[in-house]
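**Q** Got a structure for you, my_file32.pdb, holding PDB, C-alpha atoms.
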MODEL        1
ATOM      1  CA  GLY J1291      30.825 -21.108   6.123
ATOM      2  CA  ASP J1292      31.925 -17.504   6.516
ATOM      3  CA  CYS J1293      30.138 -15.846   9.431
ATOM      4  CA  GLY J1294      30.539 -12.437   7.837
ATOM      5  CA  ASP J1295      31.366  -9.170   9.529
ATOM      6  CA  GLY J1296      27.995  -8.636  11.155
ATOM      7  CA  GLY J1297      27.371 -12.083  12.613
ATOM      8  CA  ASN J1298      24.637 -12.758  10.087
ATOM      9  CA  GLY J1299      25.592 -16.354   9.377
ATOM     10  CA  GLY J1300      27.085 -15.480   5.997
ATOM     11  CA  ASP J1301      27.477 -12.556   3.636
ATOM     12  CA  CYS J1302      23.882 -11.363   3.319
ATOM     13  CA  ARG J1303      24.833  -9.205   0.343
ATOM     14  CA  ARG J1304      24.917 -12.479  -1.576
ATOM     15  CA  GLY J1305      21.570 -13.630  -0.229
ATOM     16  CA  ALA J1306      18.179 -14.390  -1.722
ATOM     17  CA  ASN J1307      17.273 -13.176  -5.198
ATOM     18  CA  ILE J1308      14.034 -11.498  -6.240
ATOM     19  CA  LEU J1309      12.586 -13.586  -9.050
ATOM     20  CA  GLY J1310       9.898 -11.075  -9.971
ATOM     21  CA  LEU J1311       7.289  -8.715  -8.589
ATOM     22  CA  HIS J1312       3.830  -9.809  -7.483
ATOM     23  CA  LEU J1313       1.314  -6.986  -7.911
ATOM     24  CA  GLU J1314      -1.621  -7.752  -5.612
ATOM     25  CA  GLY J1315      -4.346  -5.187  -6.114
ATOM     26  CA  PRO J1316      -6.178  -2.900  -6.520
ATOM     27  CA  PHE J1317      -8.413  -4.783  -8.994
ATOM     28  CA  PHE J1318     -10.364  -6.697  -6.359
ATOM     29  CA  ALA J1319     -13.951  -7.374  -5.389
ATOM     30  CA  PRO J1320     -14.642  -4.736  -2.685
ATOM     31  CA  SER J1321     -16.294  -7.376  -0.503
ATOM     32  CA  LYS J1322     -13.061  -9.428  -0.565
ATOM     33  CA  ALA J1323     -10.555  -6.640   0.043
ATOM     34  CA  GLY J1324      -9.146  -8.211   3.199
ATOM     35  CA  ALA J1325      -6.580  -5.880   4.750
ATOM     36  CA  HIS J1326      -6.378  -3.741   1.610
ATOM     37  CA  PRO J1327      -7.954  -0.273   2.078
ATOM     38  CA  VAL J1328     -11.348  -0.391   0.365
ATOM     39  CA  GLN J1329     -11.046   3.214  -0.836
ATOM     40  CA  HIS J1330      -8.255   2.145  -3.168
ATOM     41  CA  ILE J1331     -10.081  -0.803  -4.761
ATOM     42  CA  ARG J1332     -10.773  -0.332  -8.476
ATOM     43  CA  ASP J1333     -12.376  -2.155 -11.391
ATOM     44  CA  PRO J1334     -10.415  -2.292 -14.668
ATOM     45  CA  VAL J1335     -13.475  -0.972 -16.488
ATOM     46  CA  GLU J1336     -11.404   0.182 -19.463
ATOM     47  CA  GLY J1337      -9.340  -2.976 -19.611
ATOM     48  CA  MET J1338      -5.625  -2.453 -20.130
ATOM     49  CA  LYS J1339      -6.016   1.326 -20.096
ATOM     50  CA  SER J1340      -7.196   1.111 -16.483
ATOM     51  CA  VAL J1341      -4.303  -1.170 -15.555
ATOM     52  CA  GLN J1342      -1.730   1.074 -17.202
ATOM     53  CA  GLU J1343      -3.111   4.114 -15.403
ATOM     54  CA  ILE J1344      -2.601   2.382 -12.043
ATOM     55  CA  TYR J1345       0.679   0.544 -12.610
ATOM     56  CA  GLY J1346       2.225   2.704 -15.323
ATOM     57  CA  SER J1347       2.603   1.264 -18.809
ATOM     58  CA  ALA J1348       6.403   1.279 -18.561
ATOM     59  CA  ASN J1349       6.246  -0.893 -15.445
ATOM     60  CA  LEU J1350       4.455  -3.649 -17.354
ATOM     61  CA  ARG J1351       7.244  -4.082 -19.885
ATOM     62  CA  GLU J1352       8.670  -7.577 -20.095
ATOM     63  CA  ASP J1353      12.063  -6.376 -18.852
ATOM     64  CA  PHE J1354      10.718  -4.608 -15.748
ATOM     65  CA  GLY J1355      10.266  -7.747 -13.687
ATOM     66  CA  VAL J1356       6.521  -8.123 -13.002
ATOM     67  CA  ALA J1357       6.008 -11.863 -12.678
ATOM     68  CA  THR J1358       2.491 -12.176 -11.236
ATOM     69  CA  ILE J1359      -0.639 -10.043 -10.927
ATOM     70  CA  THR J1360      -3.554 -10.957  -8.677
ATOM     71  CA  LEU J1361      -6.992  -9.693  -9.623
ATOM     72  CA  ALA J1362     -10.668 -10.600  -9.356
ATOM     73  CA  PRO J1363     -11.589 -12.164 -12.716
ATOM     74  CA  GLU J1364     -15.313 -11.435 -12.448
ATOM     75  CA  ARG J1365     -14.898  -7.635 -12.362
ATOM     76  CA  GLU J1366     -15.737  -5.473 -15.364
ATOM     77  CA  GLY J1367     -12.859  -5.277 -17.828
ATOM     78  CA  ALA J1368     -10.875  -8.089 -16.210
ATOM     79  CA  ALA J1369     -11.212 -10.514 -19.138
ATOM     80  CA  GLU J1370      -9.254  -8.235 -21.498
ATOM     81  CA  VAL J1371      -6.598  -7.652 -18.848
ATOM     82  CA  ILE J1372      -6.144 -11.366 -18.188
ATOM     83  CA  GLN J1373      -5.789 -12.217 -21.857
ATOM     84  CA  THR J1374      -3.402  -9.358 -22.670
ATOM     85  CA  LEU J1375      -1.093  -9.751 -19.698
ATOM     86  CA  SER J1376      -0.968 -13.547 -19.837
ATOM     87  CA  ASP J1377      -0.001 -13.268 -23.512
ATOM     88  CA  GLN J1378       2.874 -11.052 -22.335
ATOM     89  CA  GLY J1379       4.079 -13.846 -20.068
ATOM     90  CA  ILE J1380       2.779 -12.438 -16.782
ATOM     91  CA  VAL J1381       1.171 -15.028 -14.509
ATOM     92  CA  ILE J1382      -2.417 -14.013 -13.767
ATOM     93  CA  SER J1383      -3.724 -15.199 -10.430
ATOM     94  CA  MET J1384      -7.325 -15.120  -9.277
ATOM     95  CA  GLY J1385      -7.672 -13.658  -5.821
ATOM     96  CA  HIS J1386      -9.545 -11.270  -3.533
ATOM     97  CA  THR J1387     -12.522 -12.347  -5.553
ATOM     98  CA  ASP J1388     -16.188 -13.256  -5.444
ATOM     99  CA  ALA J1389     -15.779 -15.362  -8.572
ATOM    100  CA  ALA J1390     -18.152 -18.229  -9.229
ATOM    101  CA  LEU J1391     -16.974 -21.438 -10.897
ATOM    102  CA  GLN J1392     -17.989 -20.186 -14.354
ATOM    103  CA  ASP J1393     -15.995 -16.991 -13.792
ATOM    104  CA  GLY J1394     -13.012 -19.181 -13.055
ATOM    105  CA  HIS J1395     -13.536 -21.202 -16.226
ATOM    106  CA  GLU J1396     -13.642 -18.027 -18.305
ATOM    107  CA  ALA J1397     -10.548 -16.635 -16.598
ATOM    108  CA  MET J1398      -8.628 -19.839 -17.294
ATOM    109  CA  ALA J1399      -9.745 -19.758 -20.927
ATOM    110  CA  ASN J1400      -8.299 -16.242 -21.117
ATOM    111  CA  GLY J1401      -4.991 -17.343 -19.596
ATOM    112  CA  ALA J1402      -5.279 -17.260 -15.786
ATOM    113  CA  SER J1403      -3.223 -20.075 -14.247
ATOM    114  CA  LEU J1404      -3.088 -19.489 -10.499
ATOM    115  CA  ILE J1405      -5.269 -18.915  -7.429
ATOM    116  CA  THR J1406      -4.021 -16.574  -4.705
ATOM    117  CA  HIS J1407      -4.096 -17.854  -1.100
ATOM    118  CA  MET J1408      -6.772 -20.519  -1.400
ATOM    119  CA  PHE J1409      -9.752 -20.083   0.970
ATOM    120  CA  ASN J1410      -8.775 -16.530   1.936
ATOM    121  CA  ALA J1411     -10.558 -13.485   0.475
ATOM    122  CA  MET J1412     -12.656 -15.520  -1.955
ATOM    123  CA  ARG J1413     -16.149 -16.918  -2.317
ATOM    124  CA  PRO J1414     -16.442 -20.058  -0.186
ATOM    125  CA  PHE J1415     -17.328 -23.483  -1.551
ATOM    126  CA  HIS J1416     -21.030 -24.358  -1.749
ATOM    127  CA  HIS J1417     -22.485 -27.593  -3.023
ATOM    128  CA  ARG J1418     -24.487 -25.691  -5.665
ATOM    129  CA  GLU J1419     -21.724 -23.173  -6.421
ATOM    130  CA  PRO J1420     -18.278 -24.679  -5.835
ATOM    131  CA  ALA J1421     -16.486 -21.417  -6.772
ATOM    132  CA  LEU J1422     -12.705 -21.512  -7.212
ATOM    133  CA  LEU J1423     -12.240 -24.578  -5.046
ATOM    134  CA  GLY J1424     -14.247 -26.329  -7.729
ATOM    135  CA  LEU J1425     -11.559 -25.421 -10.269
ATOM    136  CA  VAL J1426      -8.978 -27.183  -8.129
ATOM    137  CA  ALA J1427     -11.229 -30.240  -7.864
ATOM    138  CA  GLU J1428     -11.533 -30.329 -11.646
ATOM    139  CA  GLN J1429      -7.756 -30.335 -12.013
ATOM    140  CA  SER J1430      -7.602 -33.696 -10.273
ATOM    141  CA  GLY J1431      -9.639 -35.361 -13.023
ATOM    142  CA  GLU J1432      -8.676 -36.274 -16.555
ATOM    143  CA  GLY J1433     -10.505 -33.281 -18.023
ATOM    144  CA  ARG J1434     -11.775 -29.867 -16.990
ATOM    145  CA  GLY J1435     -15.402 -29.026 -16.475
ATOM    146  CA  ASP J1436     -15.278 -26.204 -19.047
ATOM    147  CA  GLY J1437     -14.081 -28.447 -21.865
ATOM    148  CA  ASN J1438     -11.591 -25.773 -22.914
ATOM    149  CA  GLN J1439      -8.392 -27.392 -24.104
ATOM    150  CA  LYS J1440      -6.588 -24.032 -24.354
ATOM    151  CA  SER J1441      -6.708 -23.417 -20.608
ATOM    152  CA  LYS J1442      -3.377 -23.553 -18.804
ATOM    153  CA  ASP J1443      -2.722 -25.919 -15.932
ATOM    154  CA  LEU J1444      -4.074 -24.357 -12.747
ATOM    155  CA  TYR J1445      -2.022 -24.071  -9.564
ATOM    156  CA  PHE J1446      -3.135 -22.682  -6.231
ATOM    157  CA  THR J1447      -1.202 -20.985  -3.453
ATOM    158  CA  ILE J1448      -2.008 -21.659   0.166
ATOM    159  CA  ILE J1449      -0.839 -20.257   3.512
ATOM    160  CA  SER J1450      -0.359 -23.251   5.807
ATOM    161  CA  ASP J1451       0.435 -21.346   9.004
ATOM    162  CA  GLY J1452      -2.465 -22.688  11.087
ATOM    163  CA  ILE J1453      -4.072 -19.232  11.028
ATOM    164  CA  HIS J1454      -5.201 -18.521   7.484
ATOM    165  CA  ALA J1455      -6.779 -21.912   6.858
ATOM    166  CA  HIS J1456      -7.875 -24.673   9.212
ATOM    167  CA  PRO J1457      -5.621 -27.748   9.017
ATOM    168  CA  THR J1458      -8.533 -29.760   7.635
ATOM    169  CA  ALA J1459      -9.051 -27.188   4.864
ATOM    170  CA  VAL J1460      -5.367 -27.414   3.971
ATOM    171  CA  ARG J1461      -5.653 -31.192   3.878
ATOM    172  CA  LEU J1462      -8.742 -30.942   1.662
ATOM    173  CA  ALA J1463      -6.988 -28.747  -0.891
ATOM    174  CA  HIS J1464      -3.973 -31.042  -0.908
ATOM    175  CA  SER J1465      -6.107 -34.143  -1.336
ATOM    176  CA  LEU J1466      -7.869 -32.605  -4.341
ATOM    177  CA  CYS J1467      -4.712 -31.820  -6.261
ATOM    178  CA  PRO J1468      -1.385 -32.294  -4.450
ATOM    179  CA  ASP J1469       0.680 -31.682  -7.594
ATOM    180  CA  ARG J1470      -0.692 -28.143  -7.992
ATOM    181  CA  ALA J1471      -0.162 -26.826  -4.460
ATOM    182  CA  VAL J1472       2.186 -23.864  -3.987
ATOM    183  CA  LEU J1473       3.177 -22.881  -0.457
ATOM    184  CA  ILE J1474       3.437 -19.174   0.326
ATOM    185  CA  THR J1475       3.988 -17.350   3.611
ATOM    186  CA  ASP J1476       2.110 -14.102   2.849
ATOM    187  CA  ALA J1477       4.527 -12.718   5.440
ATOM    188  CA  MET J1478       4.702  -9.002   6.164
ATOM    189  CA  SER J1479       7.616  -6.957   7.456
ATOM    190  CA  ALA J1480       6.805  -7.812  11.080
ATOM    191  CA  MET J1481       7.922 -11.423  10.633
ATOM    192  CA  GLY J1482      10.466 -12.259  13.324
ATOM    193  CA  LEU J1483       9.930  -9.039  15.290
ATOM    194  CA  GLY J1484       7.624 -10.493  17.921
ATOM    195  CA  ASP J1485       4.371  -9.267  19.423
ATOM    196  CA  GLY J1486       3.488  -5.607  19.178
ATOM    197  CA  GLU J1487       2.254  -2.849  16.916
ATOM    198  CA  HIS J1488       3.544  -2.762  13.352
ATOM    199  CA  SER J1489       2.534  -1.330   9.993
ATOM    200  CA  LEU J1490       1.585  -2.657   6.576
ATOM    201  CA  GLY J1491       1.804   0.310   4.257
ATOM    202  CA  ASP J1492      -0.528   2.879   5.790
ATOM    203  CA  THR J1493      -2.364   0.239   7.824
ATOM    204  CA  ASP J1494      -1.674  -0.313  11.528
ATOM    205  CA  VAL J1495      -1.208  -3.991  12.351
ATOM    206  CA  VAL J1496      -1.130  -5.833  15.672
ATOM    207  CA  VAL J1497       0.901  -9.025  15.970
ATOM    208  CA  LYS J1498       0.174 -11.515  18.722
ATOM    209  CA  GLY J1499       1.814 -14.897  18.504
ATOM    210  CA  MET J1500       1.529 -16.149  14.938
ATOM    211  CA  LYS J1501      -1.405 -13.877  14.083
ATOM    212  CA  ALA J1502      -1.255 -10.459  12.421
ATOM    213  CA  THR J1503      -4.468  -8.431  12.244
ATOM    214  CA  VAL J1504      -5.521  -4.932  11.226
ATOM    215  CA  ALA J1505      -5.534  -2.895  14.447
ATOM    216  CA  GLY J1506      -8.934  -2.883  16.120
ATOM    217  CA  THR J1507     -10.334  -5.683  13.950
ATOM    218  CA  ASP J1508     -10.114  -9.432  13.426
ATOM    219  CA  THR J1509      -9.114  -8.994   9.764
ATOM    220  CA  LEU J1510      -5.919 -10.864   8.943
ATOM    221  CA  ALA J1511      -3.111  -8.650   7.651
ATOM    222  CA  GLY J1512      -0.711 -11.096   6.069
ATOM    223  CA  SER J1513       1.270 -13.448   8.242
ATOM    224  CA  VAL J1514       4.441 -13.614  10.318
ATOM    225  CA  ALA J1515       5.251 -17.192   9.329
ATOM    226  CA  SER J1516       8.510 -18.304   7.746
ATOM    227  CA  MET J1517       8.603 -20.712   4.814
ATOM    228  CA  ASP J1518      10.168 -23.559   6.784
ATOM    229  CA  PHE J1519       7.358 -23.220   9.355
ATOM    230  CA  CYS J1520       4.740 -23.396   6.596
ATOM    231  CA  ILE J1521       6.391 -26.489   5.149
ATOM    232  CA  GLN J1522       6.374 -28.139   8.577
ATOM    233  CA  CYS J1523       2.680 -27.322   9.056
ATOM    234  CA  TYR J1524       1.779 -28.487   5.550
ATOM    235  CA  LYS J1525       3.385 -31.865   6.100
ATOM    236  CA  LYS J1526       1.694 -32.204   9.488
ATOM    237  CA  TYR J1527      -1.763 -31.146   8.289
ATOM    238  CA  THR J1528      -1.807 -33.190   5.084
ATOM    239  CA  GLN J1529       0.239 -36.196   6.257
ATOM    240  CA  CYS J1530       2.078 -35.975   2.964
ATOM    241  CA  SER J1531       5.652 -37.070   2.438
ATOM    242  CA  THR J1532       8.605 -34.768   3.022
ATOM    243  CA  GLN J1533       9.215 -34.823  -0.722
ATOM    244  CA  GLN J1534       5.679 -33.649  -1.471
ATOM    245  CA  ALA J1535       5.885 -30.842   1.075
ATOM    246  CA  LEU J1536       9.206 -29.643  -0.302
ATOM    247  CA  LYS J1537       7.975 -29.741  -3.896
ATOM    248  CA  ALA J1538       5.122 -27.416  -2.931
ATOM    249  CA  ALA J1539       7.715 -24.859  -1.824
ATOM    250  CA  THR J1540      10.233 -25.369  -4.629
ATOM    251  CA  LEU J1541       9.386 -27.129  -7.894
ATOM    252  CA  HIS J1542       5.720 -26.117  -8.020
ATOM    253  CA  PRO J1543       6.248 -22.341  -7.660
ATOM    254  CA  ALA J1544       9.144 -22.521 -10.100
ATOM    255  CA  THR J1545       6.851 -24.267 -12.581
ATOM    256  CA  VAL J1546       4.213 -21.555 -12.168
ATOM    257  CA  LEU J1547       6.816 -18.947 -13.119
ATOM    258  CA  GLY J1548       8.147 -21.081 -15.969
ATOM    259  CA  ILE J1549      11.669 -21.267 -14.525
ATOM    260  CA  GLN J1550      11.671 -24.922 -13.460
ATOM    261  CA  ASP J1551      14.735 -25.639 -15.596
ATOM    262  CA  LYS J1552      16.818 -23.315 -13.408
ATOM    263  CA  LYS J1553      15.003 -23.087 -10.058
ATOM    264  CA  GLY J1554      13.229 -25.484  -7.731
ATOM    265  CA  THR J1555      15.191 -28.515  -8.842
ATOM    266  CA  ILE J1556      18.600 -30.101  -8.375
ATOM    267  CA  LYS J1557      20.128 -31.147 -11.685
ATOM    268  CA  VAL J1558      22.979 -30.369 -14.038
ATOM    269  CA  GLY J1559      22.535 -26.884 -15.466
ATOM    270  CA  ALA J1560      20.182 -25.613 -12.755
ATOM    271  CA  ASP J1561      21.142 -22.799 -10.402
ATOM    272  CA  ALA J1562      22.946 -24.032  -7.292
ATOM    273  CA  ASP J1563      20.351 -22.593  -4.889
ATOM    274  CA  LEU J1564      20.254 -25.141  -2.076
ATOM    275  CA  VAL J1565      18.801 -25.408   1.414
ATOM    276  CA  LEU J1566      19.946 -27.950   3.989
ATOM    277  CA  LEU J1567      17.209 -28.960   6.435
ATOM    278  CA  ASP J1568      17.248 -31.148   9.514
ATOM    279  CA  ASP J1569      14.770 -33.974  10.093
ATOM    280  CA  GLY J1570      12.315 -31.456  11.556
ATOM    281  CA  LEU J1571      12.520 -29.378   8.362
ATOM    282  CA  ASN J1572      14.334 -26.524  10.089
ATOM    283  CA  VAL J1573      16.822 -24.579   7.952
ATOM    284  CA  LEU J1574      20.461 -25.342   8.760
ATOM    285  CA  ARG J1575      22.342 -23.881   5.817
ATOM    286  CA  THR J1576      21.608 -22.063   2.585
ATOM    287  CA  TRP J1577      23.555 -21.667  -0.651
ATOM    288  CA  VAL J1578      22.637 -19.149  -3.350
ATOM    289  CA  GLY J1579      24.312 -19.556  -6.699
ATOM    290  CA  GLY J1580      26.695 -22.036  -5.107
ATOM    291  CA  ARG J1581      27.773 -19.601  -2.387
ATOM    292  CA  ASP J1582      27.295 -20.377   1.292
ATOM    293  CA  VAL J1583      25.180 -17.452   2.537
ATOM    294  CA  TYR J1584      23.594 -18.778   5.740
ATOM    295  CA  ASP J1585      24.744 -21.086   8.500
ATOM    296  CA  ALA J1586      22.392 -21.461  11.461
ATOM    297  CA  GLU J1587      25.110 -22.819  13.754
ATOM    298  CA  CYS J1588      27.451 -19.978  12.841
ATOM    299  CA  LEU J1589      24.711 -17.415  13.413
ATOM    300  CA  SER J1590      23.862 -18.903  16.810
ATOM    301  CA  LYS J1591      27.520 -18.780  17.895
ATOM    302  CA  SER J1592      27.839 -15.176  16.718
ATOM    303  CA  ARG J1593      24.777 -14.125  18.720
ATOM    304  CA  SER J1594      26.037 -15.950  21.802
ATOM    305  CA  THR J1595      29.397 -14.212  21.533
ATOM    306  CA  ALA J1596      27.729 -10.828  21.086
ATOM    307  CA  GLY J1597      25.488 -11.474  24.095
ATOM    308  CA  ALA J1598      28.448 -12.477  26.245
ATOM    309  CA  GLY J1599      30.247  -9.302  25.223
ATOM    310  CA  ARG J1600      27.343  -7.128  26.279
ATOM    311  CA  SER J1601      27.089  -8.925  29.629
ATOM    312  CA  SER J1602      30.772  -8.383  30.411
ATOM    313  CA  THR J1603      30.437  -4.621  29.930
ATOM    314  CA  THR J1604      27.418  -4.174  32.203
TER     315      THR J1604
ENDMDL
END
Using structure tokens, write down the structure from this file.
**A**
Amino acid sequence: GDCGDGGNGGDCRRGANILGLHLEGPFFAPSKAGAHPVQHIRDPVEGMKSVQEIYGSANLREDFGVATITLAPEREGAAEVIQTLSDQGIVISMGHTDAALQDGHEAMANGASLITHMFNAMRPFHHREPALLGLVAEQSGEGRGDGNQKSKDLYFTIISDGIHAHPTAVRLAHSLCPDRAVLITDAMSAMGLGDGEHSLGDTDVVVKGMKATVAGTDTLAGSVASMDFCIQCYKKYTQCSTQQALKAATLHPATVLGIQDKKGTIKVGADADLVLLDDGLNVLRTWVGGRDVYDAECLSKSRSTAGAGRSSTT
């Protein structure tokens, strides 16, 4: 492949594509805000009017590019928002929520089809109130507990970085419904920059190892994990096959967005977006739209050459 002018392992101007925006907040349960500033949390008390005031009505047009919105389905006004936006083709995900199981049933009946970062910033499972994990358990059976045939298939995202969820919790979610798992990184801008002080919007974040927290607290502030690392951890934690782990990072998210005919699959007519991995599931090469845009070996050689050049001038 072409190393490019900047030693980036390919022409990065032809790199990854943005498939749509994910608007996460501010319609959350205040008790499940996570790293989001509580002073900005709102309830959509006036339904779509509240949402349009925050996001701007023009930004919710079909051609603008909003693909997913995460909100707490139990909050006042959320039911109208879920129904309206899902009818517009926007994926509604339940997250940062204190929703009970029944709240989840109602949200699904209104069009919600996803759960945002399972186990994190949500009501935990209890044997008398299974909450949103109960929804995932119901997906593994022949029918849903709400008896609503209009509900969409439910998928759940999960951050398998060894920080956000215990390996056993990841394995539990996978065992309940492996065909609905969607791997996400939840990575912030500090990914790859190493330990130190960073920022997430207006929030100061400290990164140490693989853990990013709001400065002065133990509250997680996203992650610094790459997707290939999450795939490796997912396979290790769940003992699933390589094929299952890769589907959770490719076909499943594409299906959630309704683009599985073009993305997340290798077949005639699909986009030639390909990743070559070694046996350890480390990325070796990447093609986007059939173009070679990343070559790990090329990048390594470029960095070595640049390092040697600096040494010779000192």
**Q** What's the separation between atom CA of Cys1520 of chain J and atom CA of Gly1484 of chain J, in Å to one decimal place?
**A**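 Between atom CA of Cys1520 of chain J and atom CA of Gly1484 of chain J the gap is 17.4 Å.
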**Q** Using only C-alpha atoms, which protein or nucleic acid residues come within 12 Å of Pro1420 of chain J? Drop anything in the same chain fewer than 4 positions from it, and give the result as a compact mmCIF listing (two decimals) with C-alpha atoms, in the coordinates of the input.
**A**
# COMPACT_ATOMS: atom_id res chain seq x y z
CA ASP J 1388 -16.19 -13.26 -5.44
CA ALA J 1389 -15.78 -15.36 -8.57
CA ALA J 1390 -18.15 -18.23 -9.23
CA LEU J 1391 -16.97 -21.44 -10.90
CA GLN J 1392 -17.99 -20.19 -14.35
CA ASP J 1393 -16.00 -16.99 -13.79
CA GLY J 1394 -13.01 -19.18 -13.06
CA HIS J 1395 -13.54 -21.20 -16.23
CA PHE J 1409 -9.75 -20.08 0.97
CA MET J 1412 -12.66 -15.52 -1.96
CA ARG J 1413 -16.15 -16.92 -2.32
CA PRO J 1414 -16.44 -20.06 -0.19
CA PHE J 1415 -17.33 -23.48 -1.55
CA HIS J 1416 -21.03 -24.36 -1.75
CA GLY J 1424 -14.25 -26.33 -7.73
CA LEU J 1425 -11.56 -25.42 -10.27
CA VAL J 1426 -8.98 -27.18 -8.13
CA ALA J 1427 -11.23 -30.24 -7.86
CA GLU J 1428 -11.53 -30.33 -11.65
CA GLY J 1435 -15.40 -29.03 -16.48
**Q** Figure out the distance between atom CA of Leu1311 of chain J and atom CA of Val1356 of chain J, please, to one decimal in Å.
**A**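 Atom-to-atom, atom CA of Val1356 of chain J to atom CA of Leu1311 of chain J, that is 4.5 Å.
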**Q** Given only C-alpha atoms as the basis, pick out the residue of J:Ala1369, J:Met1338, J:Ile1380, J:Cys1523 nearest to Arg1351 of chain J.
**A**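 Looking only at the distances to Arg1351 of chain J, the closest residue turns out to be J:Ile1380.
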**Q** Report the residues retrieved by the PyMOL selection byres ((chain J and resi 1481) around 8) from the displayed file, expressed as a list in words.
**A**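 Taken on the displayed file, the PyMOL selection byres ((chain J and resi 1481) around 8) yields the residues Ala1477, Met1478, Ser1479, Ala1480, Gly1482, Leu1483, Gly1484, Ser1513, Val1514, Ala1515 and Ser1516 of chain J.
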**Q** Check what the PyMOL selection byres ((chain J and resi 1331-1333) around 9) selects in the file above and give those residues as a PyMOL selection string.
**A** chain J and resi 1315-1320+1323+1326-1330+1334-1337+1340+1362+1365-1368
**Q** With distances taken over all atoms listed in the file, which residue among J:Asp1476, J:Asp1585, J:Asp1353, J:Glu1364 lies nearest Ala1421 of chain J?
**A** J:Glu1364
**Q** How many Å lie between atom CA of Asp1569 of chain J and atom CA of Ala1535 of chain J, rounded to one decimal?
**A**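 Atom-to-atom, atom CA of Asp1569 of chain J to atom CA of Ala1535 of chain J, that is 13.0 Å.
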**Q** Step by step, work through what the PyMOL selection byres ((chain J and resi 1511) around 7) selects in the shown file, and finish by giving those residues as a ChimeraX atom specification.
**A** /J:1325,1495,1502-1504,1509-1510,1512-1513
**Q** Which of these, J:Gly1379, J:Gly1401, J:Pro1457, J:Gly1452, has the shortest distance to Thr1528 of chain J once you count all atoms listed in the file?
**A** J:Pro1457
**Q** Of the candidates J:Ile1448, J:Met1517, J:Val1341, J:His1386, which one gets nearest to Val1371 of chain J if we count only C-alpha atoms?
**A**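 Checking each candidate against Val1371 of chain J, we get J:Val1341 as the closest.
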**Q** So which one's closest to Met1408 of chain J, J:Val1460, J:Ile1556, J:Ala1357, J:Val1573? Using only C-alpha atoms, please.
**A**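 The shortest atom-to-atom distance to Met1408 of chain J comes from J:Val1460.
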**Q** Kindly list the centre and edge lengths in Å, rounded to one decimal, for the axis-aligned box that covers all listed atoms of segment 1476-1485 of chain J plus 4 Å on each of its six sides, as AutoDock Vina command-line options.
**A**
--center_x 6.3 --center_y -10.5 --center_z 11.1 --size_x 16.4 --size_y 15.1 --size_z 24.6
**Q** Show me the residues close to (-0.7, -18.3, -0.6) - anything with an atom within 7 Å, counting all atoms listed in the file - and format the list as JSON, numbers by chain.
**A** {"J": [1406, 1407, 1408, 1447, 1448, 1449, 1473, 1474, 1475, 1476]}
**Q** Taking (4.3, -10.5, -18.8) in the file's own coordinates, collect the residues within 12 Å, counting all atoms listed in the file, and hand them back as a PyMOL selection string.
**A** chain J and resi 1310-1313+1347-1359+1371-1382+1401+1547-1548
**Q** Which is closest to Arg1461 of chain J among J:Met1398, J:Leu1571, J:Ala1538, J:Cys1530, if we use only C-alpha atoms?
**A**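 Closest to Arg1461 of chain J, using only C-alpha atoms: J:Cys1530.
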**Q** I'd like the neighbourhood of Thr1576 of chain J as a ChimeraX atom specification, where a residue qualifies if any of its atoms comes within 8 Å (using only C-alpha atoms), though same-chain residues fewer than 6 positions away should be ignored.
**A** /J:1563-1566,1582-1585
**Q** Create the file for the chosen residues now, containing C-alpha atoms and written as an mmCIF file, in the coordinates of the input.
**A**
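Generated output (part17.cif):
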data_model
loop_
_atom_site.group_PDB
_atom_site.id
_atom_site.type_symbol
_atom_site.label_atom_id
_atom_site.label_comp_id
_atom_site.auth_asym_id
_atom_site.auth_seq_id
_atom_site.Cartn_x
_atom_site.Cartn_y
_atom_site.Cartn_z
ATOM 1 C CA ASP J 1563 20.351 -22.593 -4.889
ATOM 2 C CA LEU J 1564 20.254 -25.141 -2.076
ATOM 3 C CA VAL J 1565 18.801 -25.408 1.414
ATOM 4 C CA LEU J 1566 19.946 -27.950 3.989
ATOM 5 C CA ASP J 1582 27.295 -20.377 1.292
ATOM 6 C CA VAL J 1583 25.180 -17.452 2.537
ATOM 7 C CA TYR J 1584 23.594 -18.778 5.740
ATOM 8 C CA ASP J 1585 24.744 -21.086 8.500
#
